[in-house]
file entry36.cif (mmCIF, C-alpha atoms (C1' of nucleotides))
data_input
#
loop_
_atom_site.label_atom_id
_atom_site.label_comp_id
_atom_site.auth_asym_id
_atom_site.auth_seq_id
_atom_site.Cartn_x
_atom_site.Cartn_y
_atom_site.Cartn_z
CA MET Z 1 0.00 0.00 0.00
CA PRO Z 2 1.51 3.34 -1.02
CA GLU Z 3 2.65 5.79 1.64
CA LEU Z 4 1.75 9.30 0.56
CA THR Z 5 2.21 10.69 4.05
CA VAL Z 6 4.47 13.63 3.50
CA ARG Z 7 2.66 15.36 0.70
CA THR Z 8 -0.92 14.45 1.45
CA GLY Z 9 -1.15 13.76 5.12
CA ILE Z 10 -2.87 10.51 4.19
CA THR Z 11 -1.08 7.41 5.31
CA ALA Z 12 -2.28 3.85 5.09
CA ALA Z 13 -5.59 4.37 3.40
CA ALA Z 14 -4.54 6.64 0.55
CA HIS Z 15 -6.81 4.81 -1.83
CA VAL Z 16 -9.86 4.56 0.35
CA VAL Z 17 -12.89 6.04 -1.37
CA PRO Z 18 -13.64 9.28 0.47
CA ALA Z 19 -17.42 9.22 0.31
CA ALA Z 20 -18.20 5.56 0.56
CA PRO Z 21 -20.89 4.34 -1.83
CA THR Z 22 -23.96 2.91 -0.19
CA ALA Z 23 -24.54 -0.82 -0.26
CA LYS Z 24 -27.36 -0.25 -2.74
CA GLN Z 25 -25.07 1.62 -5.12
CA CYS Z 26 -22.74 -1.36 -5.05
CA ARG Z 27 -25.32 -3.93 -6.12
CA PRO Z 28 -24.55 -5.03 -9.68
CA ALA Z 29 -27.89 -3.89 -11.11
CA GLU Z 30 -27.87 -0.38 -9.66
CA LEU Z 31 -24.15 -0.04 -10.17
CA ALA Z 32 -24.45 -1.03 -13.82
CA ALA Z 33 -26.87 1.82 -14.56
CA ASP Z 34 -24.70 4.37 -12.75
CA LEU Z 35 -21.55 3.14 -14.39
CA ARG Z 36 -23.09 3.02 -17.86
CA ILE Z 37 -23.97 6.70 -17.59
CA GLY Z 38 -20.54 7.60 -16.27
CA ILE Z 39 -18.79 5.69 -19.04
CA PHE Z 40 -20.90 7.06 -21.89
CA ARG Z 41 -20.70 10.66 -20.72
CA SER Z 42 -16.95 10.50 -20.15
CA ALA Z 43 -16.34 8.85 -23.51
CA ARG Z 44 -18.45 11.43 -25.28
CA ARG Z 45 -16.62 14.30 -23.65
CA LEU Z 46 -13.18 12.78 -24.24
CA ARG Z 47 -13.85 12.02 -27.87
CA ALA Z 48 -14.48 15.71 -28.47
CA GLU Z 49 -10.80 16.38 -27.80
CA ARG Z 50 -9.00 15.89 -31.12
CA GLY Z 51 -5.77 16.59 -32.95
CA SER Z 52 -5.37 19.45 -35.40
CA ALA Z 53 -6.47 17.33 -38.36
CA ASP Z 54 -9.86 17.03 -36.63
CA LEU Z 55 -10.52 13.68 -38.30
CA PRO Z 56 -13.84 11.85 -38.08
CA ASP Z 57 -13.72 9.02 -35.55
CA HIS Z 58 -13.58 6.24 -38.12
CA GLN Z 59 -10.57 7.79 -39.81
CA TYR Z 60 -8.78 8.48 -36.58
CA SER Z 61 -9.25 4.86 -35.54
CA VAL Z 62 -7.26 3.79 -38.56
CA LEU Z 63 -4.38 5.97 -37.41
CA GLY Z 64 -4.78 4.61 -33.89
CA TRP Z 65 -4.55 1.00 -34.98
CA LEU Z 66 -1.55 1.66 -37.19
CA SER Z 67 0.10 3.47 -34.31
CA LYS Z 68 -0.55 0.55 -32.00
CA ASN Z 69 0.18 -2.35 -34.34
CA GLY Z 70 2.51 -0.98 -36.99
CA PRO Z 71 1.88 -1.24 -40.77
CA LEU Z 72 -1.21 -3.25 -41.68
CA ALA Z 73 -3.03 -4.42 -44.81
CA PRO Z 74 -6.31 -2.68 -45.72
CA GLY Z 75 -8.18 -5.96 -45.27
CA VAL Z 76 -6.95 -6.25 -41.70
CA LEU Z 77 -7.92 -2.66 -40.98
CA ALA Z 78 -11.39 -3.30 -42.43
CA GLU Z 79 -11.82 -6.28 -40.15
CA MET Z 80 -10.63 -4.33 -37.10
CA GLN Z 81 -13.08 -1.54 -37.79
CA HIS Z 82 -15.89 -3.94 -38.71
CA VAL Z 83 -16.40 -2.36 -42.12
CA GLN Z 84 -16.27 -3.90 -45.58
CA PRO Z 85 -13.06 -3.73 -47.64
CA PRO Z 86 -14.35 -1.09 -50.11
CA SER Z 87 -15.10 1.26 -47.22
CA MET Z 88 -11.59 0.87 -45.91
CA THR Z 89 -10.17 1.49 -49.38
CA ARG Z 90 -11.99 4.82 -49.31
CA SER Z 91 -10.86 5.75 -45.79
CA VAL Z 92 -7.26 4.87 -46.49
CA ASN Z 93 -7.28 6.86 -49.73
CA THR Z 94 -8.61 9.89 -47.88
CA LEU Z 95 -5.85 9.55 -45.29
CA VAL Z 96 -3.28 9.23 -48.10
CA GLU Z 97 -4.56 12.47 -49.64
CA LEU Z 98 -4.25 14.11 -46.23
CA GLY Z 99 -0.67 12.87 -46.04
CA LEU Z 100 -1.29 10.93 -42.83
CA VAL Z 101 -0.63 7.41 -44.18
CA ARG Z 102 1.11 5.88 -47.17
CA LYS Z 103 0.44 2.76 -49.22
CA SER Z 104 3.34 0.54 -50.19
CA GLU Z 105 3.76 -2.81 -51.91
CA HIS Z 106 3.93 -5.98 -49.88
CA PRO Z 107 7.48 -7.38 -50.08
CA THR Z 108 6.46 -10.88 -51.18
CA ASP Z 109 2.74 -10.91 -52.01
CA GLY Z 110 1.95 -8.69 -54.98
CA ARG Z 111 -1.77 -8.72 -54.18
CA GLN Z 112 -1.41 -7.08 -50.84
CA VAL Z 113 -0.94 -3.45 -49.92
CA VAL Z 114 0.77 -2.23 -46.78
CA VAL Z 115 -0.62 0.85 -45.05
CA SER Z 116 1.66 2.73 -42.69
CA LEU Z 117 1.72 6.03 -40.85
CA THR Z 118 3.65 8.98 -42.24
CA ASP Z 119 5.45 11.35 -39.88
CA ALA Z 120 2.41 13.60 -40.04
CA GLY Z 121 0.21 10.63 -39.13
CA VAL Z 122 2.37 9.80 -36.13
CA THR Z 123 2.19 13.43 -35.04
CA GLU Z 124 -1.59 13.49 -35.42
CA VAL Z 125 -1.99 10.42 -33.21
CA LYS Z 126 0.33 11.81 -30.58
CA GLU Z 127 -1.39 15.17 -30.60
CA THR Z 128 -4.84 13.64 -30.25
CA LEU Z 129 -3.78 11.45 -27.35
CA ARG Z 130 -1.95 14.34 -25.74
CA ARG Z 131 -5.03 16.57 -25.93
CA ARG Z 132 -7.32 13.92 -24.51
CA ASP Z 133 -4.92 13.02 -21.75
CA THR Z 134 -4.23 16.65 -20.95
CA TRP Z 135 -7.92 17.38 -20.63
CA LEU Z 136 -8.48 14.30 -18.49
CA ALA Z 137 -5.39 14.87 -16.37
CA GLU Z 138 -6.56 18.40 -15.55
CA ARG Z 139 -9.84 16.99 -14.26
CA LEU Z 140 -8.04 14.25 -12.33
CA ALA Z 141 -5.68 16.77 -10.78
CA GLU Z 142 -8.71 18.38 -9.15
CA LEU Z 143 -9.46 15.14 -7.30
CA ASN Z 144 -7.83 14.28 -4.03
CA PRO Z 145 -5.26 11.47 -3.85
CA ALA Z 146 -7.78 8.96 -2.56
CA GLU Z 147 -10.15 9.70 -5.40
CA ARG Z 148 -7.34 9.36 -7.93
CA SER Z 149 -6.45 6.02 -6.41
CA THR Z 150 -10.05 4.95 -6.86
CA MET Z 151 -9.96 6.01 -10.49
CA ALA Z 152 -6.69 4.16 -11.05
CA ALA Z 153 -8.20 0.96 -9.72
CA ALA Z 154 -11.37 1.52 -11.72
CA ALA Z 155 -9.39 2.11 -14.91
CA ARG Z 156 -7.83 -1.32 -14.59
CA LEU Z 157 -11.14 -2.97 -13.76
CA MET Z 158 -12.82 -1.35 -16.76
CA ARG Z 159 -10.15 -2.63 -19.10
CA GLY Z 160 -10.72 -6.08 -17.70
CA ILE Z 161 -14.46 -5.78 -18.13
CA ALA Z 162 -14.22 -4.48 -21.68
CA ASP Z 163 -11.90 -7.29 -22.71
CA SER Z 164 -14.06 -10.01 -21.18
CA MET C 1 -19.28 4.03 6.06
CA PRO C 2 -21.34 0.90 5.29
CA GLU C 3 -20.94 -2.23 7.41
CA LEU C 4 -20.87 -5.27 5.16
CA THR C 5 -19.52 -7.46 7.91
CA VAL C 6 -21.89 -10.35 7.88
CA ARG C 7 -21.90 -11.21 4.25
CA THR C 8 -18.39 -10.25 3.23
CA GLY C 9 -16.28 -10.45 6.31
CA ILE C 10 -15.09 -6.97 5.44
CA THR C 11 -15.89 -4.35 8.02
CA ALA C 12 -14.72 -0.79 7.99
CA ALA C 13 -12.92 -0.80 4.71
CA ALA C 14 -15.46 -2.49 2.47
CA HIS C 15 -14.66 -0.09 -0.33
CA VAL C 16 -10.93 -0.19 -0.07
CA VAL C 17 -9.38 -0.98 -3.42
CA PRO C 18 -8.13 -4.56 -3.20
CA ALA C 19 -4.95 -4.29 -5.21
CA ALA C 20 -3.81 -0.78 -4.46
CA PRO C 21 -2.60 1.16 -7.48
CA THR C 22 0.97 2.31 -7.34
CA ALA C 23 1.73 5.96 -6.71
CA LYS C 24 2.80 6.28 -10.32
CA GLN C 25 -0.52 4.95 -11.56
CA CYS C 26 -2.24 7.62 -9.50
CA ARG C 27 -0.37 10.57 -11.01
CA PRO C 28 -2.77 12.56 -13.20
CA ALA C 29 -0.76 12.12 -16.40
CA GLU C 30 -0.32 8.35 -16.16
CA LEU C 31 -3.79 7.87 -14.76
CA ALA C 32 -5.32 9.85 -17.61
CA ALA C 33 -3.86 7.51 -20.23
CA ASP C 34 -4.99 4.40 -18.34
CA LEU C 35 -8.43 5.78 -17.73
CA ARG C 36 -8.91 6.97 -21.29
CA ILE C 37 -8.30 3.45 -22.56
CA GLY C 38 -10.62 1.95 -19.97
CA ILE C 39 -13.39 4.42 -20.76
CA PHE C 40 -13.17 4.05 -24.54
CA ARG C 41 -13.02 0.27 -24.50
CA SER C 42 -15.91 -0.03 -22.06
CA ALA C 43 -18.04 2.43 -24.00
CA ARG C 44 -17.35 0.63 -27.25
CA ARG C 45 -18.30 -2.73 -25.79
CA LEU C 46 -21.41 -1.39 -24.06
CA ARG C 47 -22.67 0.40 -27.15
CA ALA C 48 -22.72 -2.91 -28.99
CA GLU C 49 -25.56 -4.06 -26.73
CA ARG C 50 -28.78 -2.83 -28.37
CA GLY C 51 -32.53 -3.26 -28.39
CA SER C 52 -34.33 -5.35 -30.98
CA ALA C 53 -34.79 -2.40 -33.34
CA ASP C 54 -30.98 -2.31 -33.63
CA LEU C 55 -31.01 1.42 -34.40
CA PRO C 56 -27.94 3.41 -35.42
CA ASP C 57 -26.51 5.38 -32.51
CA HIS C 58 -27.75 8.76 -33.71
CA GLN C 59 -31.31 7.49 -33.98
CA TYR C 60 -31.21 5.78 -30.64
CA SER C 61 -29.99 9.00 -29.01
CA VAL C 62 -33.19 10.69 -30.11
CA LEU C 63 -35.20 8.04 -28.30
CA GLY C 64 -32.93 8.39 -25.29
CA TRP C 65 -33.41 12.13 -25.02
CA LEU C 66 -37.16 11.86 -25.46
CA SER C 67 -37.22 9.20 -22.77
CA LYS C 68 -35.24 11.40 -20.42
CA ASN C 69 -36.87 14.77 -21.12
CA GLY C 70 -40.35 14.00 -22.45
CA PRO C 71 -41.73 15.34 -25.76
CA LEU C 72 -39.42 17.77 -27.54
CA ALA C 73 -39.40 19.91 -30.67
CA PRO C 74 -37.20 18.79 -33.61
CA GLY C 75 -35.14 21.94 -33.28
CA VAL C 76 -34.31 21.13 -29.67
CA LEU C 77 -33.38 17.58 -30.60
CA ALA C 78 -31.15 18.90 -33.38
CA GLU C 79 -29.35 21.14 -30.93
CA MET C 80 -28.94 18.34 -28.40
CA GLN C 81 -27.42 16.07 -31.00
CA HIS C 82 -25.32 18.86 -32.52
CA VAL C 83 -26.77 18.34 -35.98
CA GLN C 84 -28.57 20.74 -38.28
CA PRO C 85 -32.40 20.86 -38.33
CA PRO C 86 -32.76 19.14 -41.72
CA SER C 87 -30.78 16.16 -40.43
CA MET C 88 -33.07 15.87 -37.46
CA THR C 89 -36.13 16.11 -39.70
CA ARG C 90 -34.81 13.07 -41.51
CA SER C 91 -34.01 11.10 -38.35
CA VAL C 92 -37.38 11.85 -36.82
CA ASN C 93 -39.20 10.85 -40.02
CA THR C 94 -37.34 7.55 -40.06
CA LEU C 95 -38.32 6.92 -36.44
CA VAL C 96 -41.94 7.79 -37.28
CA GLU C 97 -41.90 5.23 -40.09
CA LEU C 98 -40.51 2.69 -37.64
CA GLY C 99 -43.37 3.51 -35.28
CA LEU C 100 -41.02 4.54 -32.47
CA VAL C 101 -42.01 8.22 -32.24
CA ARG C 102 -44.96 10.36 -33.33
CA LYS C 103 -45.19 13.97 -34.47
CA SER C 104 -48.03 16.15 -33.13
CA GLU C 105 -49.01 19.78 -33.39
CA HIS C 106 -47.89 22.25 -30.79
CA PRO C 107 -50.91 23.34 -28.71
CA THR C 108 -50.37 27.09 -29.15
CA ASP C 109 -47.64 27.67 -31.76
CA GLY C 110 -48.67 26.42 -35.18
CA ARG C 111 -45.09 26.54 -36.45
CA GLN C 112 -43.79 24.01 -33.99
CA VAL C 113 -43.94 20.24 -34.01
CA VAL C 114 -43.84 18.06 -30.93
CA VAL C 115 -42.00 14.74 -31.10
CA SER C 116 -42.87 12.10 -28.53
CA LEU C 117 -42.18 8.42 -27.93
CA THR C 118 -44.77 5.81 -28.90
CA ASP C 119 -45.26 2.75 -26.72
CA ALA C 120 -42.92 0.89 -29.06
CA GLY C 121 -40.37 3.66 -28.63
CA VAL C 122 -40.57 3.44 -24.85
CA THR C 123 -40.12 -0.32 -25.10
CA GLU C 124 -37.10 0.04 -27.37
CA VAL C 125 -35.38 2.40 -24.93
CA LYS C 126 -36.11 0.14 -21.98
CA GLU C 127 -34.90 -2.92 -23.83
CA THR C 128 -31.66 -1.25 -24.88
CA LEU C 129 -30.91 -0.03 -21.39
CA ARG C 130 -31.84 -3.40 -19.94
CA ARG C 131 -29.49 -5.24 -22.29
CA ARG C 132 -26.62 -2.86 -21.59
CA ASP C 133 -27.17 -2.97 -17.86
CA THR C 134 -27.61 -6.72 -17.86
CA TRP C 135 -24.37 -7.20 -19.71
CA LEU C 136 -22.55 -4.80 -17.40
CA ALA C 137 -24.14 -6.18 -14.24
CA GLU C 138 -22.98 -9.67 -15.17
CA ARG C 139 -19.41 -8.43 -15.41
CA LEU C 140 -19.75 -6.47 -12.16
CA ALA C 141 -21.15 -9.51 -10.36
CA GLU C 142 -17.85 -11.24 -11.05
CA LEU C 143 -16.02 -8.60 -9.04
CA ASN C 144 -15.65 -8.78 -5.29
CA PRO C 145 -17.54 -6.33 -3.05
CA ALA C 146 -14.54 -4.06 -2.60
CA GLU C 147 -14.03 -3.84 -6.34
CA ARG C 148 -17.69 -3.04 -6.86
CA SER C 149 -17.42 -0.31 -4.26
CA THR C 150 -14.49 1.11 -6.17
CA MET C 151 -16.52 1.07 -9.37
CA ALA C 152 -19.45 2.76 -7.65
CA ALA C 153 -17.23 5.59 -6.46
CA ALA C 154 -15.60 5.82 -9.88
CA ALA C 155 -18.97 5.99 -11.59
CA ARG C 156 -19.88 9.05 -9.61
CA LEU C 157 -16.49 10.67 -10.17
CA MET C 158 -16.75 10.06 -13.93
CA ARG C 159 -20.13 11.75 -14.09
CA GLY C 160 -18.65 14.70 -12.29
CA ILE C 161 -15.69 14.82 -14.64
CA ALA C 162 -17.82 14.55 -17.77
CA ASP C 163 -20.12 17.33 -16.62
CA SER C 164 -17.27 19.69 -15.73
"C1'" DT N 1 -9.44 -21.80 -58.10
"C1'" DA N 2 -8.81 -18.76 -54.01
"C1'" DT N 3 -7.37 -14.38 -52.20
"C1'" DT N 4 -6.54 -9.28 -52.05
"C1'" DG N 5 -7.90 -5.15 -53.30
"C1'" DT N 6 -10.37 -1.85 -56.25
"C1'" DT N 7 -14.14 0.00 -59.09
"C1'" DA N 8 -19.23 0.51 -60.00
"C1'" DT N 9 -23.47 1.57 -58.11
"C1'" DA N 10 -26.94 2.55 -54.72
"C1'" DC N 11 -28.47 3.90 -50.10
"C1'" DT N 12 -27.90 6.56 -45.82
"C1'" DC N 13 -26.55 10.58 -43.16
"C1'" DT N 14 -25.17 15.20 -43.02
"C1'" DA N 15 -24.78 20.07 -44.39
"C1'" DT N 16 -26.02 24.58 -46.71
"C1'" DA N 17 -29.36 27.20 -49.07
"C1'" DA N 18 -33.92 28.12 -50.44
"C1'" DC N 19 -38.72 27.74 -49.38
"C1'" DT N 20 -43.36 27.51 -46.67
"C1'" DA N 21 -46.13 28.52 -42.82
"C1'" DT N 22 -46.83 30.89 -38.66
"C1'" DA N 23 -45.81 34.51 -34.95
"C1'" DT U 1 -39.47 40.73 -39.96
"C1'" DA U 2 -38.25 36.66 -37.26
"C1'" DT U 3 -38.88 31.80 -36.20
"C1'" DA U 4 -39.80 26.60 -36.89
"C1'" DG U 5 -39.64 23.28 -39.91
"C1'" DT U 6 -39.25 21.19 -44.50
"C1'" DT U 7 -37.56 20.48 -49.19
"C1'" DA U 8 -33.72 20.66 -52.65
"C1'" DT U 9 -29.26 19.59 -53.63
"C1'" DA U 10 -24.59 18.17 -52.90
"C1'" DG U 11 -20.80 15.85 -50.39
"C1'" DA U 12 -19.14 12.08 -47.46
"C1'" DG U 13 -19.42 7.10 -45.76
"C1'" DT U 14 -20.86 2.48 -46.22
"C1'" DA U 15 -22.58 -1.80 -48.45
"C1'" DT U 16 -23.10 -5.33 -52.16
"C1'" DA U 17 -21.73 -6.94 -56.54
"C1'" DA U 18 -18.60 -7.14 -60.24
"C1'" DC U 19 -13.87 -6.81 -61.73
"C1'" DA U 20 -8.50 -7.09 -61.96
"C1'" DA U 21 -4.29 -8.82 -60.38
"C1'" DT U 22 -1.73 -12.19 -58.02
"C1'" DA U 23 -0.98 -16.69 -55.42
#
call {"tool": "encode", "arguments": {"input": "entry36.cif", "output": "structure tokens"}}
result
Amino acid sequence: MPELTVRTGITAAAHVVPAAPTAKQCRPAELAADLRIGIFRSARRLRAERGSADLPDHQYSVLGWLSKNGPLAPGVLAEMQHVQPPSMTRSVNTLVELGLVRKSEHPTDGRQVVVSLTDAGVTEVKETLRRRDTWLAERLAELNPAERSTMAAAARLMRGIADS
Amino acid sequence: MPELTVRTGITAAAHVVPAAPTAKQCRPAELAADLRIGIFRSARRLRAERGSADLPDHQYSVLGWLSKNGPLAPGVLAEMQHVQPPSMTRSVNTLVELGLVRKSEHPTDGRQVVVSLTDAGVTEVKETLRRRDTWLAERLAELNPAERSTMAAAARLMRGIADS
DNA sequence: TATTGTTATACTCTATAACTATA
DNA sequence: TATAGTTATAGAGTATAACAATA
């Protein structure tokens, strides 16, 4: 358990939730409704923070996946985004025109195309993430250490839930 | 502070986070990145749970706002959804054809139209929320009481953050 | 013959501008 | 004259089907 004594005056229970939820609020059914609202509202607000290219969500996701996974084929990107291949062809072409990605030949398979981020694309991803995290960090900085600890634990639990 | 002694064996600290986050994970900058991922992934997964009408998000939001606020004018709905009036005209007409909303005359102002949910529309909203909450509640039921308490506190903090 | 990607075509959603009806 | 809403038209995004190139 972290000792934050010096700076916060809080010792052992630095991550105790300050205003304890009631037992009712912790029942799965009630909690689900509360949490759903919190998640949707936060996601909506966060998504509004964008990089300077101000891309639509579906185009930004392409940059996000390339940033996370490295160069990918259009077919793979289409599958990731749950769209059909022709739609991804269109999105990728738009991003090429914007100078955010490039298309290159596959080294061994002449049928395939490899899509990768340009420097501008890398910058756009970084800028978008930076703006979102800056906005969120400013809000989190207004919380007290115990509340931040709660959010840190919740962040990990939400990732587990989403991946289940 | 709630006493959950009997059922959980946990007394004073029922909402203590089980695996305490490290101090680093609680710093606003690091926490923001973790939380952003948790929020986006959870929202994406939750949004996939829909009612039987399987409406696109923008059409479902109209039902959601009507459900929350009662009958509204198309212009108000357009403003809420940040779209232009003609777009909302189209969405509302689609929902009318689906039998989920109705358009009526304004009692005093002949220019205005009042959009309200039909019984089918009410049912669709309830079903969507029920499916999302059921899915989420099942995941939450797999957590231990302390983890659920953490999520309950986080839910309230997220609503505060989103509304700030 | 199967796979990868693109082009052709149509439908949906959105926006701006012009129009109708009412205040 | 101002307001609420619709219609007209055009620009994106997506889907299915057909096509081209390669394995």
call {"tool": "interface_residues", "arguments": {"input": "entry36.cif", "of": "chain C", "to": "chain U", "cutoff": "9 Å", "atoms": "all atoms listed in the file", "output": "PyMOL selection string"}}
result
chain C and resi 74-75+85-86+89+111-113
call {"tool": "interface_residues", "arguments": {"input": "entry36.cif", "of": "chain N", "to": "chain C", "cutoff": "8 Å", "atoms": "all atoms listed in the file", "output": "ChimeraX atom specification"}}
result
/N:13-15,21-23
call {"tool": "interface_residues", "arguments": {"input": "entry36.cif", "of": "chain C", "to": "chain Z", "cutoff": "7 Å", "atoms": "all atoms listed in the file", "output": "tab-separated table (two decimals) with C-alpha atoms, in the frame of the given file"}}
result
chain	number	residue	atom	x	y	z
C	1	MET	CA	-19.28	4.03	6.06
C	2	PRO	CA	-21.34	0.90	5.29
C	15	HIS	CA	-14.66	-0.09	-0.33
C	16	VAL	CA	-10.93	-0.19	-0.07
C	17	VAL	CA	-9.38	-0.98	-3.42
C	20	ALA	CA	-3.81	-0.78	-4.46
C	21	PRO	CA	-2.60	1.16	-7.48
C	22	THR	CA	0.97	2.31	-7.34
C	23	ALA	CA	1.73	5.96	-6.71
C	25	GLN	CA	-0.52	4.95	-11.56
C	26	CYS	CA	-2.24	7.62	-9.50
C	28	PRO	CA	-2.77	12.56	-13.20
C	29	ALA	CA	-0.76	12.12	-16.40
C	31	LEU	CA	-3.79	7.87	-14.76
C	32	ALA	CA	-5.32	9.85	-17.61
C	33	ALA	CA	-3.86	7.51	-20.23
C	34	ASP	CA	-4.99	4.40	-18.34
C	35	LEU	CA	-8.43	5.78	-17.73
C	38	GLY	CA	-10.62	1.95	-19.97
C	39	ILE	CA	-13.39	4.42	-20.76
C	40	PHE	CA	-13.17	4.05	-24.54
C	41	ARG	CA	-13.02	0.27	-24.50
C	42	SER	CA	-15.91	-0.03	-22.06
C	43	ALA	CA	-18.04	2.43	-24.00
C	45	ARG	CA	-18.30	-2.73	-25.79
C	133	ASP	CA	-27.17	-2.97	-17.86
C	136	LEU	CA	-22.55	-4.80	-17.40
C	137	ALA	CA	-24.14	-6.18	-14.24
C	139	ARG	CA	-19.41	-8.43	-15.41
C	140	LEU	CA	-19.75	-6.47	-12.16
C	141	ALA	CA	-21.15	-9.51	-10.36
C	148	ARG	CA	-17.69	-3.04	-6.86
C	149	SER	CA	-17.42	-0.31	-4.26
C	150	THR	CA	-14.49	1.11	-6.17
C	151	MET	CA	-16.52	1.07	-9.37
C	152	ALA	CA	-19.45	2.76	-7.65
C	153	ALA	CA	-17.23	5.59	-6.46
C	154	ALA	CA	-15.60	5.82	-9.88
C	155	ALA	CA	-18.97	5.99	-11.59
C	156	ARG	CA	-19.88	9.05	-9.61
C	158	MET	CA	-16.75	10.06	-13.93
C	159	ARG	CA	-20.13	11.75	-14.09
C	161	ILE	CA	-15.69	14.82	-14.64
C	162	ALA	CA	-17.82	14.55	-17.77
call {"tool": "atom_distance", "arguments": {"input": "entry36.cif", "atom1": "CA of Val62 in chain C", "atom2": "CA of Arg102 in chain C"}}
result
12.2 Å
call {"tool": "atom_distance", "arguments": {"input": "entry36.cif", "atom1": "CA of Ala120 in chain Z", "atom2": "CA of Thr108 in chain Z"}}
result
27.2 Å
call {"tool": "atom_distance", "arguments": {"input": "entry36.cif", "atom1": "C1' of DT7 in chain N", "atom2": "CA of Pro56 in chain C"}}
result
27.6 Å
call {"tool": "closest_residue", "arguments": {"input": "entry36.cif", "among": "C:Leu66, C:Val122, C:Ala48, C:Leu72", "to": "Leu100 in chain C", "atoms": "only C-alpha atoms"}}
result
C:Val122
call {"tool": "residues_near_point", "arguments": {"input": "entry36.cif", "point": "(-42.3, 7.7, -31.6)", "cutoff": "9 Å", "atoms": "all atoms listed in the file", "output": "MDAnalysis selection string"}}
result
chainID C and resid 63 92 95:103 115:122
call {"tool": "write_last_selection", "arguments": {"input": "entry36.cif", "atoms": "C-alpha atoms", "output": "CSV table (one decimal), keeping the file's coordinate frame"}}
result
chain,number,residue,atom,x,y,z
C,63,LEU,CA,-35.2,8.0,-28.3
C,92,VAL,CA,-37.4,11.8,-36.8
C,95,LEU,CA,-38.3,6.9,-36.4
C,96,VAL,CA,-41.9,7.8,-37.3
C,97,GLU,CA,-41.9,5.2,-40.1
C,98,LEU,CA,-40.5,2.7,-37.6
C,99,GLY,CA,-43.4,3.5,-35.3
C,100,LEU,CA,-41.0,4.5,-32.5
C,101,VAL,CA,-42.0,8.2,-32.2
C,102,ARG,CA,-45.0,10.4,-33.3
C,103,LYS,CA,-45.2,14.0,-34.5
C,115,VAL,CA,-42.0,14.7,-31.1
C,116,SER,CA,-42.9,12.1,-28.5
C,117,LEU,CA,-42.2,8.4,-27.9
C,118,THR,CA,-44.8,5.8,-28.9
C,119,ASP,CA,-45.3,2.8,-26.7
C,120,ALA,CA,-42.9,0.9,-29.1
C,121,GLY,CA,-40.4,3.7,-28.6
C,122,VAL,CA,-40.6,3.4,-24.8
